[in-house]
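*Asks:* One file: target31.csv (CSV, C-alpha atoms and all ligand atoms).
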```csv
chain,number,residue,atom,x,y,z
A,6,MET,CA,0.0,0.0,0.0
A,7,ALA,CA,1.4,3.4,-1.0
A,8,VAL,CA,2.2,5.6,1.9
A,9,ILE,CA,4.0,8.9,1.4
A,10,SER,CA,7.5,7.9,2.1
A,11,ASN,CA,9.2,11.2,2.0
A,12,ASN,CA,7.3,13.8,4.0
A,13,SER,CA,10.2,16.2,4.2
A,14,LEU,CA,10.4,16.3,0.4
A,15,LEU,CA,6.7,16.9,0.1
A,16,GLN,CA,6.9,19.7,2.7
A,17,LYS,CA,9.3,21.6,0.4
A,18,TYR,CA,6.5,21.9,-2.1
A,19,LEU,CA,3.7,22.5,0.4
A,20,ASP,CA,5.7,25.5,1.7
A,21,LEU,CA,5.4,27.2,-1.7
A,22,ASP,CA,3.2,30.3,-1.7
A,23,GLN,CA,-0.2,29.7,-3.3
A,24,LYS,CA,-0.5,33.3,-4.5
A,25,ASN,CA,-3.9,34.1,-3.0
A,26,GLN,CA,-5.6,31.2,-4.8
A,27,VAL,CA,-7.7,28.9,-2.6
A,28,GLN,CA,-8.0,25.1,-3.1
A,29,VAL,CA,-11.4,23.7,-2.5
A,30,GLU,CA,-12.0,20.0,-2.2
A,31,TYR,CA,-15.5,19.1,-3.4
A,32,VAL,CA,-16.7,16.0,-1.6
A,33,TRP,CA,-19.8,14.0,-2.6
A,34,ILE,CA,-21.5,10.6,-1.9
A,35,ASP,CA,-21.5,8.0,-4.7
A,36,ALA,CA,-24.0,5.3,-5.5
A,37,LYS,CA,-22.5,2.8,-3.0
A,38,ASN,CA,-22.4,5.3,-0.1
A,39,ASN,CA,-18.6,5.9,-0.6
A,40,LEU,CA,-17.1,9.3,-0.7
A,41,ARG,CA,-15.5,10.8,-3.8
A,42,SER,CA,-13.8,14.2,-4.1
A,43,LYS,CA,-11.9,16.4,-6.5
A,44,THR,CA,-10.3,19.8,-6.2
A,45,ARG,CA,-10.8,23.1,-7.8
A,46,THR,CA,-9.1,26.5,-7.5
A,47,VAL,CA,-11.0,29.6,-6.6
A,48,ASP,CA,-9.7,33.2,-6.4
A,49,PHE,CA,-11.4,34.2,-3.2
A,50,VAL,CA,-11.7,32.9,0.4
A,51,PRO,CA,-15.2,31.4,0.6
A,52,GLN,CA,-17.1,32.1,3.8
A,53,SER,CA,-20.0,29.8,3.1
A,54,ALA,CA,-20.8,27.0,0.7
A,55,SER,CA,-23.3,29.1,-1.2
A,56,GLU,CA,-20.5,31.3,-2.5
A,57,LEU,CA,-18.9,28.4,-4.4
A,58,PRO,CA,-19.8,27.5,-8.0
A,59,GLU,CA,-21.8,24.5,-8.9
A,60,TRP,CA,-19.6,21.8,-10.6
A,61,ASN,CA,-20.0,18.4,-12.2
A,62,PHE,CA,-18.4,15.0,-12.4
A,63,ASP,CA,-18.5,11.9,-14.6
A,64,GLY,CA,-21.4,9.9,-13.1
A,65,SER,CA,-20.6,6.9,-15.3
A,66,SER,CA,-17.4,6.4,-13.3
A,67,THR,CA,-19.2,6.4,-9.9
A,68,GLY,CA,-22.2,4.2,-10.8
A,69,GLN,CA,-24.4,7.3,-10.8
A,70,ALA,CA,-25.1,7.7,-14.6
A,71,GLU,CA,-25.1,6.0,-17.9
A,72,GLY,CA,-22.2,6.7,-20.3
A,73,HIS,CA,-24.2,8.7,-22.9
A,74,ASP,CA,-25.5,11.3,-20.4
A,75,SER,CA,-23.1,11.1,-17.6
A,76,ASP,CA,-22.7,14.6,-16.2
A,77,ILE,CA,-23.9,14.8,-12.6
A,78,LEU,CA,-24.0,18.2,-11.0
A,79,ILE,CA,-22.5,18.8,-7.5
A,80,GLN,CA,-23.9,21.7,-5.4
A,81,PRO,CA,-21.8,22.8,-2.5
A,82,VAL,CA,-23.8,22.8,0.8
A,83,ALA,CA,-21.5,22.6,3.8
A,84,LEU,CA,-18.1,24.2,4.1
A,85,TYR,CA,-15.2,23.3,6.4
A,86,SER,CA,-11.6,24.3,6.9
A,87,ASP,CA,-9.2,21.8,5.3
A,88,PRO,CA,-6.9,20.2,7.9
A,89,PHE,CA,-4.6,18.7,5.2
A,90,ARG,CA,-3.9,21.8,3.1
A,91,ARG,CA,-4.5,24.2,5.9
A,92,GLY,CA,-4.4,28.0,5.5
A,93,ASP,CA,-7.5,29.3,3.8
A,94,ASN,CA,-8.1,26.1,1.9
A,95,LYS,CA,-11.4,24.3,2.3
A,96,PHE,CA,-13.4,21.2,1.7
A,97,VAL,CA,-17.1,21.2,1.0
A,98,VAL,CA,-19.8,18.6,1.2
A,99,CYS,CA,-22.0,18.6,-1.9
A,100,GLU,CA,-25.4,17.4,-3.0
A,101,THR,CA,-25.8,15.6,-6.3
A,102,TYR,CA,-28.3,16.6,-9.1
A,103,ASN,CA,-29.3,15.3,-12.5
A,104,PRO,CA,-28.6,17.4,-15.6
A,105,ASP,CA,-32.3,18.4,-15.6
A,106,GLY,CA,-31.9,19.9,-12.1
A,107,THR,CA,-33.8,17.2,-10.2
A,108,PRO,CA,-32.1,15.7,-7.1
A,109,HIS,CA,-30.1,12.5,-8.0
A,110,SER,CA,-31.7,9.3,-6.6
A,111,THR,CA,-28.7,8.9,-4.2
A,112,ASN,CA,-29.1,12.5,-2.9
A,113,TYR,CA,-30.9,11.8,0.4
A,114,ARG,CA,-30.0,15.2,1.8
A,115,TYR,CA,-32.6,16.9,-0.4
A,116,GLU,CA,-35.6,15.4,1.2
A,117,CYS,CA,-34.0,15.4,4.7
A,118,LYS,CA,-33.5,19.2,4.5
A,119,LYS,CA,-37.1,19.7,3.6
A,120,ILE,CA,-38.4,17.8,6.6
A,121,MET,CA,-35.8,19.5,8.9
A,122,GLU,CA,-37.2,22.8,7.7
A,123,THR,CA,-40.8,21.7,8.2
A,124,TYR,CA,-40.1,20.9,11.9
A,125,ALA,CA,-37.4,23.5,12.5
A,126,ASP,CA,-39.4,25.1,15.3
A,127,THR,CA,-39.1,21.8,17.4
A,128,ILE,CA,-35.3,22.3,17.3
A,129,PRO,CA,-34.3,18.7,16.7
A,130,TRP,CA,-30.9,17.8,18.0
A,131,PHE,CA,-29.0,14.7,17.0
A,132,GLY,CA,-25.8,13.0,18.2
A,133,ILE,CA,-24.4,10.1,16.2
A,134,GLU,CA,-21.9,7.5,17.6
A,135,GLN,CA,-19.9,6.4,14.5
A,136,GLU,CA,-18.3,3.0,15.1
A,137,TYR,CA,-15.7,1.6,12.6
A,138,MET,CA,-12.9,-0.8,12.3
A,139,LEU,CA,-9.4,-0.3,11.0
A,140,ILE,CA,-8.1,-2.9,8.6
A,141,ASP,CA,-4.5,-3.8,7.8
A,142,PRO,CA,-4.1,-3.8,4.0
A,143,GLU,CA,-1.2,-6.4,4.3
A,144,THR,CA,-3.4,-9.1,5.9
A,145,SER,CA,-6.9,-7.8,5.2
A,146,LYS,CA,-7.6,-8.4,8.9
A,147,PRO,CA,-8.5,-5.9,11.5
A,148,TYR,CA,-5.5,-3.7,12.4
A,149,GLY,CA,-3.5,-5.2,15.3
A,150,TRP,CA,-4.8,-8.8,14.8
A,151,PRO,CA,-2.2,-11.6,14.5
A,152,LYS,CA,-1.3,-12.8,11.0
A,153,HIS,CA,-2.5,-16.3,11.9
A,154,GLY,CA,-5.4,-17.1,14.2
A,155,PHE,CA,-7.3,-14.7,16.4
A,156,PRO,CA,-6.6,-12.2,19.1
A,157,GLU,CA,-7.6,-12.9,22.7
A,158,ALA,CA,-11.4,-12.8,23.2
A,159,GLN,CA,-13.2,-9.5,23.8
A,160,GLY,CA,-13.1,-8.0,27.2
A,161,LYS,CA,-10.0,-6.0,27.6
A,162,TYR,CA,-10.3,-3.8,24.5
A,163,TYR,CA,-13.2,-1.4,25.2
A,164,CYS,CA,-11.8,1.9,26.3
A,165,GLY,CA,-8.5,0.0,26.6
A,166,VAL,CA,-5.3,1.5,27.8
A,167,GLY,CA,-1.9,0.0,27.0
A,168,ALA,CA,0.0,-2.0,24.4
A,169,GLY,CA,-1.8,-5.1,23.3
A,170,LYS,CA,-5.2,-3.6,24.1
A,171,VAL,CA,-5.5,-0.7,21.6
A,172,PHE,CA,-4.5,-0.6,18.0
A,173,GLY,CA,-4.3,2.5,15.8
A,174,ARG,CA,-4.5,5.3,18.4
A,175,ASP,CA,-2.3,7.5,16.3
A,176,ILE,CA,-5.0,7.5,13.5
A,177,VAL,CA,-7.7,8.2,16.1
A,178,GLU,CA,-5.8,11.2,17.5
A,179,ALA,CA,-5.0,12.6,14.1
A,180,HIS,CA,-8.7,12.3,13.0
A,181,TYR,CA,-9.9,13.9,16.3
A,182,ARG,CA,-7.7,16.9,15.8
A,183,ALA,CA,-8.5,17.2,12.1
A,184,CYS,CA,-12.2,17.3,12.9
A,185,LEU,CA,-11.7,20.1,15.5
A,186,PHE,CA,-9.6,22.0,13.0
A,187,ALA,CA,-12.3,21.6,10.3
A,188,GLY,CA,-15.0,23.0,12.6
A,189,ILE,CA,-16.9,19.7,13.1
A,190,ASN,CA,-18.7,19.2,16.4
A,191,ILE,CA,-16.9,16.0,17.4
A,192,SER,CA,-17.8,15.3,21.0
A,193,GLY,CA,-15.6,12.4,21.9
A,194,VAL,CA,-13.8,9.1,21.0
A,195,ASN,CA,-13.3,5.7,22.6
A,196,ALA,CA,-11.8,2.4,21.8
A,197,GLU,CA,-14.5,-0.2,21.1
A,198,VAL,CA,-15.3,-3.8,22.2
A,199,ALA,CA,-13.5,-5.6,19.4
A,200,PRO,CA,-9.7,-5.1,18.9
A,201,GLY,CA,-9.0,-2.5,16.2
A,202,GLN,CA,-12.6,-1.1,16.5
A,203,TRP,CA,-13.2,2.5,17.5
A,204,GLU,CA,-16.0,5.0,17.9
A,205,TYR,CA,-16.3,8.8,17.8
A,206,GLN,CA,-19.3,10.9,18.4
A,207,VAL,CA,-20.5,13.9,16.5
A,208,GLY,CA,-23.1,16.2,18.1
A,209,PRO,CA,-25.3,17.5,19.3
A,210,CYS,CA,-26.1,19.0,15.9
A,211,VAL,CA,-29.3,20.8,14.9
A,212,GLY,CA,-31.3,19.3,12.0
A,213,ILE,CA,-29.6,18.9,8.6
A,214,LYS,CA,-26.2,19.7,10.2
A,215,MET,CA,-26.1,16.2,11.6
A,216,GLY,CA,-25.8,14.5,8.2
A,217,ASP,CA,-23.4,17.2,6.9
A,218,GLU,CA,-21.0,16.9,9.8
A,219,LEU,CA,-21.1,13.1,10.0
A,220,TRP,CA,-20.2,12.9,6.3
A,221,ALA,CA,-17.5,15.5,6.7
A,222,SER,CA,-16.1,13.5,9.6
A,223,ARG,CA,-16.1,10.3,7.6
A,224,TYR,CA,-14.2,12.1,4.8
A,225,LEU,CA,-11.5,13.2,7.3
A,226,LEU,CA,-11.3,9.7,8.7
A,227,GLU,CA,-10.8,8.2,5.2
A,228,ARG,CA,-8.2,10.7,4.4
A,229,VAL,CA,-6.3,10.4,7.7
A,230,ALA,CA,-6.2,6.6,7.4
A,231,GLU,CA,-5.1,7.0,3.8
A,232,ASP,CA,-2.1,8.9,5.1
A,233,PHE,CA,-1.3,6.1,7.5
A,234,GLY,CA,-1.8,3.4,4.9
A,235,ILE,CA,-4.6,1.8,6.8
A,236,ILE,CA,-8.1,0.9,5.5
A,237,VAL,CA,-11.3,2.0,7.3
A,238,THR,CA,-14.4,-0.1,7.1
A,239,ILE,CA,-17.9,0.9,8.3
A,240,HIS,CA,-19.4,-2.5,7.4
A,241,PRO,CA,-21.7,-3.4,10.3
A,242,LYS,CA,-20.2,-6.9,10.8
A,243,PRO,CA,-16.6,-6.8,9.5
A,244,VAL,CA,-15.7,-10.0,11.2
A,245,SER,CA,-18.3,-12.8,11.8
A,246,GLY,CA,-18.4,-14.7,15.0
A,247,ASP,CA,-18.0,-13.6,18.6
A,248,TRP,CA,-16.8,-10.1,17.7
A,249,ASN,CA,-19.0,-7.0,18.1
A,250,GLY,CA,-20.5,-5.4,15.0
A,251,ALA,CA,-20.5,-1.7,14.3
A,252,GLY,CA,-23.4,0.7,14.7
A,253,CYS,CA,-24.3,4.4,14.4
A,254,HIS,CA,-26.4,4.8,17.6
A,255,THR,CA,-28.4,7.9,16.9
A,256,ASN,CA,-29.3,10.1,19.8
A,257,PHE,CA,-32.3,12.4,19.4
A,258,SER,CA,-34.2,15.2,21.2
A,259,THR,CA,-36.5,18.1,20.6
A,260,GLU,CA,-36.7,21.3,22.6
A,261,GLU,CA,-39.8,19.8,24.4
A,262,MET,CA,-37.9,16.7,25.4
A,263,ARG,CA,-35.1,18.8,26.8
A,264,GLN,CA,-37.4,20.8,29.0
A,265,GLU,CA,-38.8,19.9,32.5
A,266,GLY,CA,-41.1,16.9,32.1
A,267,GLY,CA,-39.7,16.1,28.7
A,268,ILE,CA,-39.9,12.4,29.3
A,269,ALA,CA,-43.5,12.4,28.2
A,270,ALA,CA,-42.5,13.7,24.7
A,271,ILE,CA,-39.7,11.2,24.7
A,272,GLU,CA,-42.1,8.3,25.4
A,273,ARG,CA,-44.6,9.7,22.7
A,274,SER,CA,-41.8,9.7,20.1
A,275,ILE,CA,-40.7,6.2,21.0
A,276,GLN,CA,-44.3,5.0,20.7
A,277,LYS,CA,-44.5,6.5,17.2
A,278,LEU,CA,-41.2,4.8,16.2
A,279,SER,CA,-42.6,1.5,17.4
A,280,LEU,CA,-45.4,1.7,14.8
A,281,ARG,CA,-42.9,1.9,11.9
A,282,HIS,CA,-40.1,-0.5,12.9
A,283,ALA,CA,-39.8,-2.1,9.5
A,284,GLU,CA,-39.7,1.3,7.7
A,285,HIS,CA,-36.9,2.4,10.0
A,286,ILE,CA,-34.9,-0.8,9.5
A,287,ALA,CA,-35.2,-0.4,5.8
A,288,VAL,CA,-33.1,2.8,5.9
A,289,TYR,CA,-30.9,1.8,8.8
A,290,GLY,CA,-28.0,0.3,6.7
A,291,GLU,CA,-27.1,-2.6,4.5
A,292,ASP,CA,-26.3,-6.0,6.1
A,293,ASN,CA,-27.7,-4.7,9.4
A,294,ASP,CA,-29.3,-8.2,9.9
A,295,LEU,CA,-25.8,-9.6,10.4
A,296,ARG,CA,-25.4,-7.2,13.4
A,297,LEU,CA,-28.8,-7.0,15.0
A,298,THR,CA,-28.9,-10.5,16.2
A,299,GLY,CA,-30.0,-9.8,19.8
A,300,ARG,CA,-26.5,-10.5,21.0
A,301,HIS,CA,-23.4,-8.3,21.4
A,302,GLU,CA,-25.4,-5.4,22.9
A,303,THR,CA,-28.1,-5.3,20.2
A,304,GLY,CA,-31.9,-5.9,20.0
A,305,HIS,CA,-33.0,-8.4,17.4
A,306,ILE,CA,-33.8,-6.9,13.9
A,307,ASN,CA,-37.3,-8.2,13.9
A,308,ASP,CA,-38.4,-6.9,17.3
A,309,PHE,CA,-38.9,-3.4,18.6
A,310,SER,CA,-38.1,-2.8,22.2
A,311,SER,CA,-37.2,0.1,24.5
A,312,GLY,CA,-36.0,0.6,28.0
A,313,VAL,CA,-34.1,2.7,30.5
A,314,ALA,CA,-30.4,1.9,30.4
A,315,ASN,CA,-31.1,-1.2,28.3
A,316,ARG,CA,-28.3,-1.8,25.8
A,317,GLY,CA,-30.1,-4.9,24.4
A,318,ALA,CA,-33.1,-2.8,23.3
A,319,SER,CA,-33.8,-1.0,20.0
A,320,ILE,CA,-34.2,2.2,21.9
A,321,ARG,CA,-32.4,3.1,25.1
A,322,ILE,CA,-33.3,5.9,27.4
A,323,PRO,CA,-30.1,6.8,29.2
A,324,ARG,CA,-30.3,6.2,33.0
A,325,HIS,CA,-29.7,9.9,33.8
A,326,VAL,CA,-32.5,10.9,31.4
A,327,GLY,CA,-34.9,8.5,33.2
A,328,LYS,CA,-33.8,10.0,36.5
A,329,GLU,CA,-34.1,13.6,35.5
A,330,GLY,CA,-37.3,13.1,33.5
A,331,LYS,CA,-36.0,15.0,30.5
A,332,GLY,CA,-33.2,14.9,27.9
A,333,TYR,CA,-33.0,12.5,24.9
A,334,TYR,CA,-33.1,8.9,23.7
A,335,GLU,CA,-30.8,6.7,21.8
A,336,ASP,CA,-31.9,4.7,18.7
A,337,ARG,CA,-29.5,1.8,18.7
A,338,ARG,CA,-30.7,0.2,15.5
A,339,PRO,CA,-28.8,2.2,12.8
A,340,ALA,CA,-25.8,0.4,11.4
A,341,SER,CA,-22.3,1.9,11.0
A,342,ASN,CA,-22.8,2.3,7.2
A,343,ILE,CA,-26.0,4.4,7.3
A,344,ASP,CA,-26.6,7.5,5.3
A,345,PRO,CA,-27.3,9.8,8.3
A,346,TYR,CA,-29.6,12.0,6.1
A,347,ARG,CA,-32.0,9.0,5.8
A,348,VAL,CA,-31.9,8.1,9.5
A,349,THR,CA,-32.4,11.7,10.8
A,350,HIS,CA,-35.1,12.1,8.2
A,351,ILE,CA,-37.2,9.2,9.3
A,352,ILE,CA,-36.8,9.8,13.1
A,353,VAL,CA,-38.3,13.3,12.7
A,354,GLU,CA,-40.9,12.1,10.2
A,355,SER,CA,-42.1,9.3,12.5
A,356,THR,CA,-42.0,11.5,15.7
A,357,PHE,CA,-44.3,14.0,14.1
A,358,MET,CA,-46.5,11.6,12.2
A,359,PRO,CA,-50.2,12.5,13.0
A,360,ASP,CA,-52.2,10.2,15.2
A,361,ASN,CA,-54.9,8.2,13.6
B,1,LIG,P1,-23.3,6.1,24.8
B,1,LIG,O1,-23.4,6.1,26.3
B,1,LIG,O2,-24.4,5.5,24.1
B,1,LIG,O3,-21.9,5.4,24.4
B,1,LIG,P2,-22.0,8.5,23.8
B,1,LIG,O4,-21.5,9.4,24.9
B,1,LIG,O5,-21.1,7.8,23.0
B,1,LIG,O6,-23.2,7.6,24.4
B,1,LIG,O7,-22.8,9.5,22.8
B,1,LIG,C1,-23.9,10.3,23.1
B,1,LIG,C2,-24.2,11.2,22.0
B,1,LIG,O8,-25.5,11.9,22.3
B,1,LIG,C3,-23.2,12.3,21.8
B,1,LIG,O9,-23.0,12.4,20.4
B,1,LIG,C4,-23.9,13.5,22.3
B,1,LIG,O10,-23.5,14.7,21.6
B,1,LIG,C5,-25.3,13.2,22.0
B,1,LIG,N1,-26.3,14.0,22.8
B,1,LIG,C6,-26.1,14.5,24.1
B,1,LIG,N2,-27.2,15.1,24.5
B,1,LIG,C7,-28.1,15.1,23.5
B,1,LIG,C8,-29.4,15.6,23.3
B,1,LIG,N3,-30.1,16.3,24.2
B,1,LIG,N4,-30.0,15.4,22.1
B,1,LIG,C9,-29.4,14.7,21.1
B,1,LIG,N5,-28.2,14.2,21.3
B,1,LIG,C10,-27.5,14.4,22.4
B,2,MN,MN,-11.3,14.7,-17.3
B,3,MN,MN,-20.9,5.6,22.6
B,4,MN,MN,-20.1,2.2,21.0
B,5,MN,MN,-24.5,4.4,22.3
```
For this file, produce the structure as structure tokens.
Ligand code: ADP
Ligand code: MN
Ligand code: MN
Ligand code: MN
Ligand code: MN
*Replies:*
Amino acid sequence: MAVISNNSLLQKYLDLDQKNQVQVEYVWIDAKNNLRSKTRTVDFVPQSASELPEWNFDGSSTGQAEGHDSDILIQPVALYSDPFRRGDNKFVVCETYNPDGTPHSTNYRYECKKIMETYADTIPWFGIEQEYMLIDPETSKPYGWPKHGFPEAQGKYYCGVGAGKVFGRDIVEAHYRACLFAGINISGVNAEVAPGQWEYQVGPCVGIKMGDELWASRYLLERVAEDFGIIVTIHPKPVSGDWNGAGCHTNFSTEEMRQEGGIAAIERSIQKLSLRHAEHIAVYGEDNDLRLTGRHETGHINDFSSGVANRGASIRIPRHVGKEGKGYYEDRRPASNIDPYRVTHIIVESTFMPDN
């Protein structure tokens, strides 16, 4: 795997003056939920995404268009400082559009933004816990696992400290700082239950910002890991057997839930979600059935359940929320490979679905 082998040589070039030109990395989501990006130069320092020109890419190379009519438009929507190029350079998350101006079928932000606007006065907050696993490209096994056989069984790795218990902390540290530099509301990190598995949290974020910031943080994770020559996977069950899968627990609240007595609104929302379990599961990630087995701190994919401090349920009300009678709840069903626009969309939609 190619890793930059001569950083001091590269630095000679990166020190060159860029003559008031700004590099902007346009980032978008492809047909398989992977990130793609390319760079363009602008002659001003953008302060918001709306100042940046629309652009396009060859959709036939990303599975998003047929060869004969392959231009897909990319519309900048969320702007961040670029921790790789630094200075005034930026990266920007984009939405994808067809040549006729309609949103591309893989553009889940478009509808998500509409529903967030409809319910903006409820001030929806989200916090997503992104779990992932680092993979060693030499062995195709999780990073830190032995070449032959398996590591010691799970138990000592979660929030682990010390050699032989945590693997890849340098990547995690680099990613954390890169997110802070970019202006992403990353709220913490921890080593996870399986060796080589990690989690970071983004939030609380209001409305559409949750999807934007989670995608931006994933972009940074991929890029940092690329620098270290390590692969990141957000597959929900990267190793079968007695090894924890990976999720994207989605924490949710409205202004009403955060106020005194908010537990009533929390319970109403959970009740609404219970009526649409299958609809939620349908947008909660590919291969999630391999993860939601009812074991390894999950509820079974076919059952809806909820409870205070219950990590084996679909929905968990944190103990402190139960005690204080206000706050938020955690939807534990979403897989690590979700599109957060789809998940935040359906949570708001179900919560405010009229009674009948
Ligand atoms: P867990 O105990 O499930 O591991 P974490 O501490 O990893 O929880 O993540 C909790 C997430 O919930 C964080 O992203 C945090 O920002 C978010 N959060 C905290 N308060 C709220 C709230 N009122 N509404 C929505 N999300 C919240
Ligand atoms: Mn070309
Ligand atoms: Mn967590
Ligand atoms: Mn976790
Ligand atoms: Mn959690």
*Asks:* Give me, as a PDB file with C-alpha atoms, in the frame of the given file, the set of residues whose atoms come within 9 Å of any atom of ligand MN 5 (chain B), counting all atoms listed in the file.
*Replies:*
```pdb
ATOM      1  CA  ILE A 133     -24.400  10.100  16.200  1.00  0.00           C
ATOM      2  CA  GLU A 134     -21.900   7.500  17.600  1.00  0.00           C
ATOM      3  CA  GLY A 252     -23.400   0.700  14.700  1.00  0.00           C
ATOM      4  CA  CYS A 253     -24.300   4.400  14.400  1.00  0.00           C
ATOM      5  CA  HIS A 254     -26.400   4.800  17.600  1.00  0.00           C
ATOM      6  CA  THR A 255     -28.400   7.900  16.900  1.00  0.00           C
ATOM      7  CA  ASN A 256     -29.300  10.100  19.800  1.00  0.00           C
ATOM      8  CA  ARG A 316     -28.300  -1.800  25.800  1.00  0.00           C
ATOM      9  CA  ARG A 321     -32.400   3.100  25.100  1.00  0.00           C
ATOM     10  CA  GLU A 335     -30.800   6.700  21.800  1.00  0.00           C
ATOM     11  CA  ASP A 336     -31.900   4.700  18.700  1.00  0.00           C
ATOM     12  CA  ARG A 337     -29.500   1.800  18.700  1.00  0.00           C
TER      13      ARG A 337
END
```
*Asks:* Per residue of region 307-359 of chain A within 9 Å of region 216-221 of chain A, record the nearest atom pair and its distance in Å to one decimal, counting all atoms listed in the file, with rows in chain order and ascending residue number, as a Markdown table.
*Replies:*
```
| residue | atom | partner | partner_atom | distance |
| --- | --- | --- | --- | --- |
| A:Asp344 | CA | A:Gly216 | CA | 7.6 |
| A:Pro345 | CA | A:Gly216 | CA | 4.9 |
| A:Tyr346 | CA | A:Gly216 | CA | 5.0 |
| A:Arg347 | CA | A:Gly216 | CA | 8.6 |
| A:Val348 | CA | A:Gly216 | CA | 8.9 |
| A:Thr349 | CA | A:Gly216 | CA | 7.6 |
```
*Asks:* I'd like the contact shell of Asn112 (chain A) - 12 Å cut-off, all atoms listed in the file, skipping same-chain residues fewer than 2 positions apart - returned as a ChimeraX atom specification.
*Replies:* /A:33-38,69,77-80,98-103,107-110,114-118,216,344-347
*Asks:* Any residue with an atom at most 9 Å from ligand MN 4 (chain B) counts, using all atoms listed in the file. Which are they? Put them as a PyMOL selection string.
*Replies:* chain A and resi 134-136+163+195-198+203-205+251-254
*Asks:* Name each residue within 12 Å of ligand MN 2 (chain B), counting only C-alpha atoms and all ligand atoms, as a list in words.
*Replies:*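 Within the 12 Å cut-off, the matching residues are Lys43, Asn61, Phe62, Asp63, Gly64, Ser66 and Asp76 of chain A.
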*Asks:* Can I get the residues of chain A within 8 Å of ligand LIG 1 (chain B), each with the closest pair of atoms and their distance in Å to one decimal, using only C-alpha atoms and all ligand atoms, sorted chain first then ascending number, as CSV?
*Replies:*
```
residue,atom,partner,partner_atom,distance
A:Pro129,CA,B:LIG1,N4,7.7
A:Trp130,CA,B:LIG1,C9,4.6
A:Phe131,CA,B:LIG1,C9,4.1
A:Gly132,CA,B:LIG1,O9,3.6
A:Ile133,CA,B:LIG1,O9,5.0
A:Glu134,CA,B:LIG1,O5,5.5
A:Ile191,CA,B:LIG1,O9,7.7
A:Ser192,CA,B:LIG1,O10,5.8
A:Gly193,CA,B:LIG1,O5,7.3
A:Val194,CA,B:LIG1,O5,7.7
A:Glu204,CA,B:LIG1,O5,7.7
A:Tyr205,CA,B:LIG1,O5,7.1
A:Gln206,CA,B:LIG1,O9,4.5
A:Val207,CA,B:LIG1,O9,4.9
A:Gly208,CA,B:LIG1,O10,3.8
A:Pro209,CA,B:LIG1,O10,4.0
A:Cys210,CA,B:LIG1,C9,7.5
A:His254,CA,B:LIG1,O2,6.8
A:Thr255,CA,B:LIG1,O8,7.3
A:Asn256,CA,B:LIG1,N5,4.5
A:Phe257,CA,B:LIG1,C9,4.1
A:Ser258,CA,B:LIG1,N4,4.3
A:Thr259,CA,B:LIG1,N4,7.2
A:Met262,CA,B:LIG1,N3,7.9
A:Arg263,CA,B:LIG1,N3,6.2
A:Pro323,CA,B:LIG1,O1,7.3
A:Gly332,CA,B:LIG1,N3,5.0
A:Tyr333,CA,B:LIG1,N3,4.8
A:Tyr334,CA,B:LIG1,C9,7.4
A:Glu335,CA,B:LIG1,O2,6.9
```
*Asks:* By how many Å are CA of Ser42 (chain A) and CA of Glu30 (chain A) apart?
*Replies:* 6.4 Å
*Asks:* Give me, as a list in words, all polymer residues having an atom no more than 10 Å from Ser279 (chain A), counting only C-alpha atoms and skipping those fewer than 4 positions away in the same chain.
*Replies:*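 Once the adjacent positions are removed, what remains is Arg273, Ser274, Ile275, Ala283, His285, Asp308, Phe309, Ser310, Ser311, Ser319, Ile320 and Ser355 of chain A.
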*Asks:* Could you produce a table of the residues of region 66-145 of chain A lying within 9 Å of region 229-239 of chain A, with the nearest pair of atoms per residue and their separation in Å rounded to one decimal, using only C-alpha atoms, ordered by chain and increasing residue number, as CSV?
*Replies:*
```
residue,atom,partner,partner_atom,distance
A:Phe89,CA,A:Val229,CA,8.8
A:Gln135,CA,A:Ile239,CA,8.5
A:Glu136,CA,A:Ile239,CA,7.1
A:Tyr137,CA,A:Ile239,CA,4.9
A:Met138,CA,A:Thr238,CA,5.5
A:Leu139,CA,A:Val237,CA,4.8
A:Ile140,CA,A:Ile236,CA,4.9
A:Asp141,CA,A:Ile235,CA,5.7
A:Pro142,CA,A:Ile235,CA,6.3
A:Ser145,CA,A:Ile236,CA,8.8
```
*Asks:* What lies within 9 Å of Glu302 (chain A) using all atoms listed in the file, ignoring chain neighbours under 6 positions off, as a list in words?
*Replies:*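 Close residues of Glu302 (chain A): Asn249, Asn315, Arg316, Gly317 and Ala318 of chain A.
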*Asks:* I need the residues from that last selection saved to file as a PDB file, in the frame of the given file (with C-alpha atoms), if you can.
*Replies:*
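Just written: out11.pdb:
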```pdb
ATOM      1  CA  ASN A 249     -19.000  -7.000  18.100  1.00  0.00           C
ATOM      2  CA  ASN A 315     -31.100  -1.200  28.300  1.00  0.00           C
ATOM      3  CA  ARG A 316     -28.300  -1.800  25.800  1.00  0.00           C
ATOM      4  CA  GLY A 317     -30.100  -4.900  24.400  1.00  0.00           C
ATOM      5  CA  ALA A 318     -33.100  -2.800  23.300  1.00  0.00           C
TER       6      ALA A 318
END
```
*Asks:* Could you tell me how far CA of Ser86 (chain A) lies from CA of Val32 (chain A), in Å and to one decimal?
*Replies:*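 Atom-to-atom, CA of Ser86 (chain A) to CA of Val32 (chain A), that is 12.9 Å.
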*Asks:* State, in Å with one decimal place, the distance from CA of Ala183 (chain A) to CA of Asn39 (chain A).
*Replies:*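 Computing the Euclidean distance for CA of Ala183 (chain A) and CA of Asn39 (chain A) yields 19.8 Å.
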*Asks:* Go through A:Ile213, A:Ser245, A:Arg338, A:Trp150 one by one, measure the shortest atom-to-atom distance of each to Glu122 (chain A) using only C-alpha atoms, and give the residue with the smallest value.
*Replies:* A:Ile213
